[in-house]
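Down below is the structure, laid out as structure tokens.
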Amino acid sequence: MTNLGELRRDPNALAEHYTEFGVADRILLTGHSHQAWPDVAREGLLEAFADAAEEVDTKWERAFAKADEMRAGFRALLGDPHGGIALGASTHDLVIRFLSAMDLRERPRLITTDGEFHTLRRQLARLAEEGVEVVRVPSTPVATLAERVAAEVTENTAAVLVSAVLFETSRLVPGLAHLADVCLSKSVNLVVDAYHALGVVPFALHDLGLTNAWVLGGGYKYLQLGEGNCFLRMPAHAQELRPVVTGWYAEFGALADERRPGQVAYASGPDRFAGATYDPTSHYRGARVFRFFAEQGLTPEFLREVSRHQVGFLAEGFDKLGLPENVVTRDRETPLDRVGGFLSLKCADAAGLQAALAERGVRTDSRGQYLRFGPAPYLSDTQLDSALRILDEIVR
């Protein structure tokens, strides 16, 4: 088990488990886009190959067991031990299946914000081009965002789709419980995108008042699960829905049932939102990483403690630099306990700063006008300080 003191030191106590990614020798502040994988992830990849080589087409029993491990891992993060979990290669796959289950002829209205990740932004924009009414609520001020979204909910609304943490600014969105109550009162489906929260902000659904919500997420970022490990948590009433976009795995549990001409059958449980034949390799990798997190005591609460320290360290260090605010600045009005897992810096040229940092060995990422410093638990305070000193040298 690791503790915060061990992680602050140089070398970092976790770094020895990430030798393939060389985290002790590189400053990987890409934690909000692509965290390093622990070395044990390779074990999962090799196990997937070995099972396929040994079992050939009968490998699927073992592969389905890995899928169940992934569902259990996501349930644990959500504090939702009995929740239905549909798995998908991407959140887009899952969003498409969800939207296809909505009766947009009777309820042609979708509500979202202008601060959503590209998965929702692009798809909803395209639906709007085809005549679906899409309401985009301004994401600022964040303090009233959930309340303002709730005010837009009407009887002809099919779904509300919002983020728990805004992907550009790292701002936590408060008031989601109120939004959930409003949606429930009008039988409107609420989808909360928790991708940018899981693994860095505890997200127990009962505590957040979101037990009746759909929750979308994945493991590419803070959970270190790699690509192909996304999920859609379904509320109880999902059993009444029949997605139009549907693969044959969605009737896998009903293949032996008597066929009814003219009626497409669905399996019970979360499999009704399943797709079709998939590459199970990502589940092998993800299941092994979930076990690694358990072995190292990397619980949501501990990871939040680490994240708050690291983001606070970066914010305080950045302020001490006194850099020109017309070049790079940050939001100082939002308390850091209302910030997610990265420090968002507003820049005159975010992409240019990102490129200059990369040339000096500091890997970050940027979106639009925001440069994002994304720390991770395998980085030491010394590495974070080095990144700030290099930023100072570049800007000056």
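Letters A, B, ... go to the chains of the structure tokens in the order shown; residues in each chain start at 1; ligands are counted from 1 in the same order.
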
Non-local contacts of stretch 209-214 of chain A (8 Å; only C-alpha atoms; under 4 positions in same chain excluded) as a PDB file with all heavy atoms, in the first residue's frame:
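result.pdb was written with the following content:
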```pdb
ATOM      1  N   LEU A 176     -26.181  18.426  -9.409  1.00  0.00           N
ATOM      2  CA  LEU A 176     -26.716  17.393 -10.286  1.00  0.00           C
ATOM      3  C   LEU A 176     -27.879  16.637  -9.643  1.00  0.00           C
ATOM      4  O   LEU A 176     -28.752  16.113 -10.348  1.00  0.00           O
ATOM      5  CB  LEU A 176     -25.609  16.420 -10.695  1.00  0.00           C
ATOM      6  CG  LEU A 176     -24.528  16.991 -11.617  1.00  0.00           C
ATOM      7  CD1 LEU A 176     -23.443  15.951 -11.881  1.00  0.00           C
ATOM      8  CD2 LEU A 176     -25.141  17.469 -12.934  1.00  0.00           C
ATOM      9  N   ALA A 177     -27.910  16.565  -8.314  1.00  0.00           N
ATOM     10  CA  ALA A 177     -29.018  15.886  -7.641  1.00  0.00           C
ATOM     11  C   ALA A 177     -30.336  16.607  -7.916  1.00  0.00           C
ATOM     12  O   ALA A 177     -31.377  15.972  -8.147  1.00  0.00           O
ATOM     13  CB  ALA A 177     -28.752  15.805  -6.138  1.00  0.00           C
ATOM     14  N   ALA A 180     -31.374  15.798 -11.368  1.00  0.00           N
ATOM     15  CA  ALA A 180     -31.898  14.433 -11.421  1.00  0.00           C
ATOM     16  C   ALA A 180     -33.336  14.385 -10.926  1.00  0.00           C
ATOM     17  O   ALA A 180     -34.176  13.677 -11.491  1.00  0.00           O
ATOM     18  CB  ALA A 180     -31.014  13.504 -10.591  1.00  0.00           C
ATOM     19  N   LEU A 184     -36.561  13.225 -13.125  1.00  0.00           N
ATOM     20  CA  LEU A 184     -37.395  12.118 -12.667  1.00  0.00           C
ATOM     21  C   LEU A 184     -38.859  12.539 -12.591  1.00  0.00           C
ATOM     22  O   LEU A 184     -39.757  11.765 -12.966  1.00  0.00           O
ATOM     23  CB  LEU A 184     -36.905  11.637 -11.301  1.00  0.00           C
ATOM     24  CG  LEU A 184     -37.667  10.462 -10.683  1.00  0.00           C
ATOM     25  CD1 LEU A 184     -37.542   9.215 -11.557  1.00  0.00           C
ATOM     26  CD2 LEU A 184     -37.147  10.180  -9.273  1.00  0.00           C
ATOM     27  N   ASN A 189     -35.017  11.168 -19.245  1.00  0.00           N
ATOM     28  CA  ASN A 189     -33.775  10.441 -19.008  1.00  0.00           C
ATOM     29  C   ASN A 189     -32.622  11.412 -18.816  1.00  0.00           C
ATOM     30  O   ASN A 189     -32.411  12.310 -19.637  1.00  0.00           O
ATOM     31  CB  ASN A 189     -33.472   9.523 -20.194  1.00  0.00           C
ATOM     32  CG  ASN A 189     -34.419   8.344 -20.271  1.00  0.00           C
ATOM     33  OD1 ASN A 189     -34.259   7.366 -19.556  1.00  0.00           O
ATOM     34  ND2 ASN A 189     -35.423   8.448 -21.129  1.00  0.00           N
ATOM     35  N   LEU A 190     -31.886  11.213 -17.735  1.00  0.00           N
ATOM     36  CA  LEU A 190     -30.697  12.022 -17.454  1.00  0.00           C
ATOM     37  C   LEU A 190     -29.449  11.179 -17.664  1.00  0.00           C
ATOM     38  O   LEU A 190     -29.306  10.112 -17.053  1.00  0.00           O
ATOM     39  CB  LEU A 190     -30.722  12.545 -16.018  1.00  0.00           C
ATOM     40  CG  LEU A 190     -29.436  13.234 -15.526  1.00  0.00           C
ATOM     41  CD1 LEU A 190     -29.135  14.483 -16.344  1.00  0.00           C
ATOM     42  CD2 LEU A 190     -29.534  13.567 -14.044  1.00  0.00           C
ATOM     43  N   VAL A 191     -28.552  11.645 -18.532  1.00  0.00           N
ATOM     44  CA  VAL A 191     -27.263  10.997 -18.763  1.00  0.00           C
ATOM     45  C   VAL A 191     -26.175  11.901 -18.203  1.00  0.00           C
ATOM     46  O   VAL A 191     -26.034  13.056 -18.621  1.00  0.00           O
ATOM     47  CB  VAL A 191     -27.007  10.749 -20.267  1.00  0.00           C
ATOM     48  CG1 VAL A 191     -25.642  10.089 -20.463  1.00  0.00           C
ATOM     49  CG2 VAL A 191     -28.110   9.890 -20.872  1.00  0.00           C
ATOM     50  N   VAL A 192     -25.408  11.379 -17.263  1.00  0.00           N
ATOM     51  CA  VAL A 192     -24.292  12.129 -16.683  1.00  0.00           C
ATOM     52  C   VAL A 192     -22.989  11.528 -17.195  1.00  0.00           C
ATOM     53  O   VAL A 192     -22.709  10.341 -16.992  1.00  0.00           O
ATOM     54  CB  VAL A 192     -24.325  12.089 -15.145  1.00  0.00           C
ATOM     55  CG1 VAL A 192     -23.118  12.830 -14.574  1.00  0.00           C
ATOM     56  CG2 VAL A 192     -25.618  12.700 -14.624  1.00  0.00           C
ATOM     57  N   LEU A 205     -22.997   6.996  -6.574  1.00  0.00           N
ATOM     58  CA  LEU A 205     -24.265   7.505  -7.091  1.00  0.00           C
ATOM     59  C   LEU A 205     -25.264   7.841  -5.987  1.00  0.00           C
ATOM     60  O   LEU A 205     -25.972   8.850  -6.080  1.00  0.00           O
ATOM     61  CB  LEU A 205     -24.880   6.481  -8.052  1.00  0.00           C
ATOM     62  CG  LEU A 205     -24.052   6.135  -9.296  1.00  0.00           C
ATOM     63  CD1 LEU A 205     -24.856   5.255 -10.236  1.00  0.00           C
ATOM     64  CD2 LEU A 205     -23.600   7.396 -10.012  1.00  0.00           C
ATOM     65  N   LEU A 232     -21.835   2.107 -19.908  1.00  0.00           N
ATOM     66  CA  LEU A 232     -23.049   2.882 -19.685  1.00  0.00           C
ATOM     67  C   LEU A 232     -23.796   2.220 -18.538  1.00  0.00           C
ATOM     68  O   LEU A 232     -24.248   1.071 -18.657  1.00  0.00           O
ATOM     69  CB  LEU A 232     -23.918   2.906 -20.940  1.00  0.00           C
ATOM     70  CG  LEU A 232     -25.240   3.668 -20.834  1.00  0.00           C
ATOM     71  CD1 LEU A 232     -24.978   5.161 -20.603  1.00  0.00           C
ATOM     72  CD2 LEU A 232     -26.080   3.474 -22.098  1.00  0.00           C
ATOM     73  N   ARG A 233     -23.892   2.938 -17.431  1.00  0.00           N
ATOM     74  CA  ARG A 233     -24.658   2.430 -16.281  1.00  0.00           C
ATOM     75  C   ARG A 233     -26.114   2.783 -16.502  1.00  0.00           C
ATOM     76  O   ARG A 233     -26.457   3.923 -16.811  1.00  0.00           O
ATOM     77  CB  ARG A 233     -24.126   3.049 -14.988  1.00  0.00           C
ATOM     78  CG  ARG A 233     -24.846   2.590 -13.730  1.00  0.00           C
ATOM     79  CD  ARG A 233     -26.009   3.460 -13.348  1.00  0.00           C
ATOM     80  NE  ARG A 233     -26.652   3.000 -12.102  1.00  0.00           N
ATOM     81  CZ  ARG A 233     -27.742   3.527 -11.572  1.00  0.00           C
ATOM     82  NH1 ARG A 233     -28.343   4.537 -12.176  1.00  0.00           N
ATOM     83  NH2 ARG A 233     -28.259   3.043 -10.465  1.00  0.00           N
ATOM     84  N   MET A 234     -26.996   1.783 -16.315  1.00  0.00           N
ATOM     85  CA  MET A 234     -28.393   1.949 -16.641  1.00  0.00           C
ATOM     86  C   MET A 234     -29.266   1.971 -15.393  1.00  0.00           C
ATOM     87  O   MET A 234     -29.075   1.150 -14.499  1.00  0.00           O
ATOM     88  CB  MET A 234     -28.849   0.812 -17.554  1.00  0.00           C
ATOM     89  CG  MET A 234     -28.100   0.781 -18.868  1.00  0.00           C
ATOM     90  SD  MET A 234     -28.647  -0.557 -19.925  1.00  0.00           S
ATOM     91  CE  MET A 234     -28.106  -1.962 -18.965  1.00  0.00           C
ATOM     92  N   PRO A 235     -30.230   2.883 -15.322  1.00  0.00           N
ATOM     93  CA  PRO A 235     -31.199   2.863 -14.228  1.00  0.00           C
ATOM     94  C   PRO A 235     -32.202   1.730 -14.440  1.00  0.00           C
ATOM     95  O   PRO A 235     -32.241   1.103 -15.498  1.00  0.00           O
ATOM     96  CB  PRO A 235     -31.873   4.236 -14.331  1.00  0.00           C
ATOM     97  CG  PRO A 235     -31.742   4.596 -15.782  1.00  0.00           C
ATOM     98  CD  PRO A 235     -30.447   4.011 -16.238  1.00  0.00           C
ATOM     99  N   ALA A 236     -33.040   1.500 -13.448  1.00  0.00           N
ATOM    100  CA  ALA A 236     -33.950   0.349 -13.481  1.00  0.00           C
ATOM    101  C   ALA A 236     -34.893   0.381 -14.679  1.00  0.00           C
ATOM    102  O   ALA A 236     -35.182  -0.667 -15.285  1.00  0.00           O
ATOM    103  CB  ALA A 236     -34.745   0.294 -12.177  1.00  0.00           C
TER     104      ALA A 236
END
```

Which residues of stretch 21-62 of chain A come within 12 Å of stretch 343-347 of chain A, and what is each one's closest atom pair and distance in Å (one decimal), counting only C-alpha atoms, sorted by chain and residue number, as JSON lines?
```
{"residue": "A:Leu29", "atom": "CA", "partner": "A:Leu343", "partner_atom": "CA", "distance": 10.0}
{"residue": "A:Thr30", "atom": "CA", "partner": "A:Leu343", "partner_atom": "CA", "distance": 11.1}
{"residue": "A:Gly31", "atom": "CA", "partner": "A:Leu343", "partner_atom": "CA", "distance": 10.5}
{"residue": "A:His32", "atom": "CA", "partner": "A:Leu343", "partner_atom": "CA", "distance": 9.5}
```

Residue selection dump (N, CA and C atoms) as an mmCIF file, in the first residue's frame:
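Final output, result03.cif:
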```cif
data_model
loop_
_atom_site.group_PDB
_atom_site.id
_atom_site.type_symbol
_atom_site.label_atom_id
_atom_site.label_comp_id
_atom_site.auth_asym_id
_atom_site.auth_seq_id
_atom_site.Cartn_x
_atom_site.Cartn_y
_atom_site.Cartn_z
ATOM 1 N N LEU A 29 2.633 14.906 -18.055
ATOM 2 C CA LEU A 29 1.472 15.622 -17.542
ATOM 3 C C LEU A 29 0.296 15.463 -18.501
ATOM 4 N N THR A 30 0.154 14.259 -19.011
ATOM 5 C CA THR A 30 -0.924 13.916 -19.929
ATOM 6 C C THR A 30 -2.032 13.167 -19.196
ATOM 7 N N GLY A 31 -2.070 13.305 -17.867
ATOM 8 C CA GLY A 31 -2.978 12.506 -17.056
ATOM 9 C C GLY A 31 -4.436 12.702 -17.364
ATOM 10 N N HIS A 32 -4.804 13.805 -18.007
ATOM 11 C CA HIS A 32 -6.203 14.026 -18.337
ATOM 12 C C HIS A 32 -6.541 13.492 -19.720
#
```

Discussion item. Set the distance at 7 Å and use only C-alpha atoms: which residues neighbour A:His17 once local chain neighbours fewer than 3 positions away are removed? I'd like the list as a PyMOL selection string.
Written reply: chain A and resi 14+38-39

Taking N, CA, C and O atoms for each residue, export the selection above as a PDB file, in the first residue's frame.
```pdb
ATOM      1  N   LEU A  14       5.326   4.804  -6.696  1.00  0.00           N
ATOM      2  CA  LEU A  14       4.592   4.018  -7.689  1.00  0.00           C
ATOM      3  C   LEU A  14       5.340   3.871  -9.006  1.00  0.00           C
ATOM      4  O   LEU A  14       5.013   3.005  -9.815  1.00  0.00           O
ATOM      5  N   PRO A  38       0.187   0.697 -15.979  1.00  0.00           N
ATOM      6  CA  PRO A  38       1.151  -0.053 -15.164  1.00  0.00           C
ATOM      7  C   PRO A  38       1.687  -1.240 -15.946  1.00  0.00           C
ATOM      8  O   PRO A  38       1.042  -1.744 -16.877  1.00  0.00           O
ATOM      9  N   ASP A  39       2.881  -1.678 -15.589  1.00  0.00           N
ATOM     10  CA  ASP A  39       3.528  -2.772 -16.322  1.00  0.00           C
ATOM     11  C   ASP A  39       2.663  -4.026 -16.376  1.00  0.00           C
ATOM     12  O   ASP A  39       2.730  -4.791 -17.340  1.00  0.00           O
TER      13      ASP A  39
END
```

Worksheet item: Which of these, A:Leu28, A:Pro335, A:Asp279, A:Trp248, has the shortest distance to A:Ala15 once you count only C-alpha atoms?
Response: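 Between A:Leu28, A:Pro335, A:Asp279, A:Trp248, the residue approaching A:Ala15 most closely is A:Leu28.
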
Worksheet entry | Residue contacts of A:Arg332 (10 Å, only C-alpha atoms) excluding same-chain residues fewer than 3 positions away, as a VMD selection string | chain A and resid 315 319 329 335 to 336

Deliver the residues from the most recent selection as a file, using N, CA, C and O atoms, as a PDB file, in the first residue's frame.
```pdb
ATOM      1  N   ALA A 315      -1.036  24.651  -8.982  1.00  0.00           N
ATOM      2  CA  ALA A 315      -1.684  25.964  -8.959  1.00  0.00           C
ATOM      3  C   ALA A 315      -0.864  26.968  -8.145  1.00  0.00           C
ATOM      4  O   ALA A 315      -0.638  28.111  -8.583  1.00  0.00           O
ATOM      5  N   ASP A 319       1.124  30.260  -9.698  1.00  0.00           N
ATOM      6  CA  ASP A 319       0.881  31.634  -9.223  1.00  0.00           C
ATOM      7  C   ASP A 319       2.183  32.319  -8.824  1.00  0.00           C
ATOM      8  O   ASP A 319       2.363  33.524  -9.054  1.00  0.00           O
ATOM      9  N   THR A 329      -2.857  32.292 -17.975  1.00  0.00           N
ATOM     10  CA  THR A 329      -3.435  32.571 -16.669  1.00  0.00           C
ATOM     11  C   THR A 329      -4.319  31.397 -16.259  1.00  0.00           C
ATOM     12  O   THR A 329      -4.460  30.422 -17.002  1.00  0.00           O
ATOM     13  N   PRO A 335     -12.641  27.637  -6.015  1.00  0.00           N
ATOM     14  CA  PRO A 335     -11.828  26.913  -5.024  1.00  0.00           C
ATOM     15  C   PRO A 335     -11.311  25.606  -5.620  1.00  0.00           C
ATOM     16  O   PRO A 335     -12.007  24.955  -6.411  1.00  0.00           O
ATOM     17  N   LEU A 336     -10.117  25.205  -5.250  1.00  0.00           N
ATOM     18  CA  LEU A 336      -9.514  24.022  -5.835  1.00  0.00           C
ATOM     19  C   LEU A 336     -10.256  22.740  -5.470  1.00  0.00           C
ATOM     20  O   LEU A 336     -10.108  21.732  -6.156  1.00  0.00           O
TER      21      LEU A 336
END
```

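The shortest atom-to-atom distance to A:Lys186, with only C-alpha atoms taken into account, belongs to A:Ala150 out of A:Val215, A:Ala204, A:Leu379, A:Ala150.
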
Worksheet item: Which is closest to A:Ala358 among A:Ile394, A:Leu77, A:Val289, A:Val153, if we use only C-alpha atoms?
Response: A:Ile394

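For stretch 264-272 of chain A, the residues within 8 Å (counting only C-alpha atoms, excluding itself and residues fewer than 5 positions away along the chain) are Gly84, Ile85, Ala86, Met234, Gln239, Arg242, Pro243, Thr246, Tyr249, Ala250, Glu251, Phe252, Gly253, Ala254 and Arg259 of chain A.
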
Fill in: Top pick for closest residue to A:Ile96, considering A:Phe273, A:Ser139, A:Gly312, A:Ala76 and counting only C-alpha atoms
A:Phe273

Worksheet entry | Selection: 12 Å around A:Phe293, only C-alpha atoms, excl. self and same-chain fewer than 6 positions, as an NGL selection string | :A and (1-2 or 14 or 17 or 37-38 or 40-41 or 73 or 77 or 199 or 222-225 or 286-287 or 299-300 or 302-303 or 377)

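With only C-alpha atoms as the atoms that count, the minimum distance from A:Gly275 to the choices A:Ser90, A:Gln263, A:Asn12, A:Asn156 is reached by A:Ser90.
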
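In this comparison, which uses only C-alpha atoms, the residue of A:Gly44, A:Gly88, A:Gly83, A:Pro202 approaching A:Tyr278 most closely is A:Gly88.
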
Item to complete: For A:Gln310, please output as an MDAnalysis selection string all residues within 8 Å (counting only C-alpha atoms; exclusion window: fewer than 5 positions along the same chain).
Response: chainID A and resid 375 381 384

Can you write just those residues out, N, CA, C and O atoms, as an mmCIF file, in the first residue's frame?
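Output contents, as saved in again-v1.cif:
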```cif
data_model
loop_
_atom_site.group_PDB
_atom_site.id
_atom_site.type_symbol
_atom_site.label_atom_id
_atom_site.label_comp_id
_atom_site.auth_asym_id
_atom_site.auth_seq_id
_atom_site.Cartn_x
_atom_site.Cartn_y
_atom_site.Cartn_z
ATOM 1 N N PRO A 375 -1.609 15.905 -13.868
ATOM 2 C CA PRO A 375 -0.716 15.053 -13.082
ATOM 3 C C PRO A 375 -1.313 13.658 -12.899
ATOM 4 O O PRO A 375 -2.467 13.400 -13.236
ATOM 5 N N ASP A 381 6.561 15.332 -6.719
ATOM 6 C CA ASP A 381 6.525 16.793 -6.643
ATOM 7 C C ASP A 381 7.704 17.414 -7.385
ATOM 8 O O ASP A 381 7.589 18.501 -7.961
ATOM 9 N N LEU A 384 6.767 17.747 -10.968
ATOM 10 C CA LEU A 384 5.806 18.833 -11.161
ATOM 11 C C LEU A 384 6.500 20.187 -11.099
ATOM 12 O O LEU A 384 6.214 21.087 -11.905
#
```

Discussion item. If you run DSSP on the backbone here, which positions in stretch 211-337 of chain A get alpha helix (DSSP H)? Please write them as a PyMOL selection string.
Written reply: chain A and resi 281-295+300-321

Discussion item. Among stretch 229-345 of chain A, which ones does DSSP assign to strand (DSSP E or B) (computed from the backbone)? Answer as an MDAnalysis selection string.
Written reply: chainID A and resid 230:234 328:330 339 343:345

With N, CA, C and O atoms retained, could you export that selection as a short mmCIF file (atom, residue, chain, number, x, y, z; two decimals), in the first residue's frame?
```cif
data_model
loop_
_atom_site.label_atom_id
_atom_site.label_comp_id
_atom_site.auth_asym_id
_atom_site.auth_seq_id
_atom_site.Cartn_x
_atom_site.Cartn_y
_atom_site.Cartn_z
N CYS A 230 -15.17 1.24 -22.10
CA CYS A 230 -16.18 2.23 -21.76
C CYS A 230 -17.44 1.53 -21.28
O CYS A 230 -17.64 0.35 -21.51
N PHE A 231 -18.29 2.29 -20.59
CA PHE A 231 -19.49 1.68 -20.01
C PHE A 231 -20.64 2.67 -19.99
O PHE A 231 -20.45 3.89 -20.03
N LEU A 232 -21.84 2.11 -19.91
CA LEU A 232 -23.05 2.88 -19.69
C LEU A 232 -23.80 2.22 -18.54
O LEU A 232 -24.25 1.07 -18.66
N ARG A 233 -23.89 2.94 -17.43
CA ARG A 233 -24.66 2.43 -16.28
C ARG A 233 -26.11 2.78 -16.50
O ARG A 233 -26.46 3.92 -16.81
N MET A 234 -27.00 1.78 -16.31
CA MET A 234 -28.39 1.95 -16.64
C MET A 234 -29.27 1.97 -15.39
O MET A 234 -29.08 1.15 -14.50
N VAL A 328 -0.67 33.62 -20.36
CA VAL A 328 -1.19 32.42 -19.71
C VAL A 328 -1.69 32.78 -18.31
O VAL A 328 -1.02 33.51 -17.57
N THR A 329 -2.86 32.29 -17.97
CA THR A 329 -3.44 32.57 -16.67
C THR A 329 -4.32 31.40 -16.26
O THR A 329 -4.46 30.42 -17.00
N ARG A 330 -4.90 31.48 -15.07
CA ARG A 330 -5.81 30.42 -14.61
C ARG A 330 -6.97 31.02 -13.85
O ARG A 330 -6.92 32.19 -13.41
N VAL A 339 -12.43 21.65 -8.33
CA VAL A 339 -11.70 21.38 -9.56
C VAL A 339 -11.41 19.89 -9.65
O VAL A 339 -11.18 19.23 -8.64
N LEU A 343 -5.02 20.87 -13.94
CA LEU A 343 -4.97 22.32 -13.86
C LEU A 343 -5.14 22.88 -15.26
O LEU A 343 -4.35 22.57 -16.16
N SER A 344 -6.18 23.67 -15.45
CA SER A 344 -6.47 24.24 -16.75
C SER A 344 -5.94 25.66 -16.82
O SER A 344 -6.29 26.51 -15.99
N LEU A 345 -5.07 25.92 -17.79
CA LEU A 345 -4.47 27.25 -17.98
C LEU A 345 -5.01 27.87 -19.26
O LEU A 345 -4.93 27.26 -20.33
#
```

Discussion item. Report, in Å with one decimal, the straight-line distance from atom CA of A:Val173 to atom CA of A:Val188.
Written reply: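 Separating atom CA of A:Val173 from atom CA of A:Val188 is a distance of 19.5 Å.
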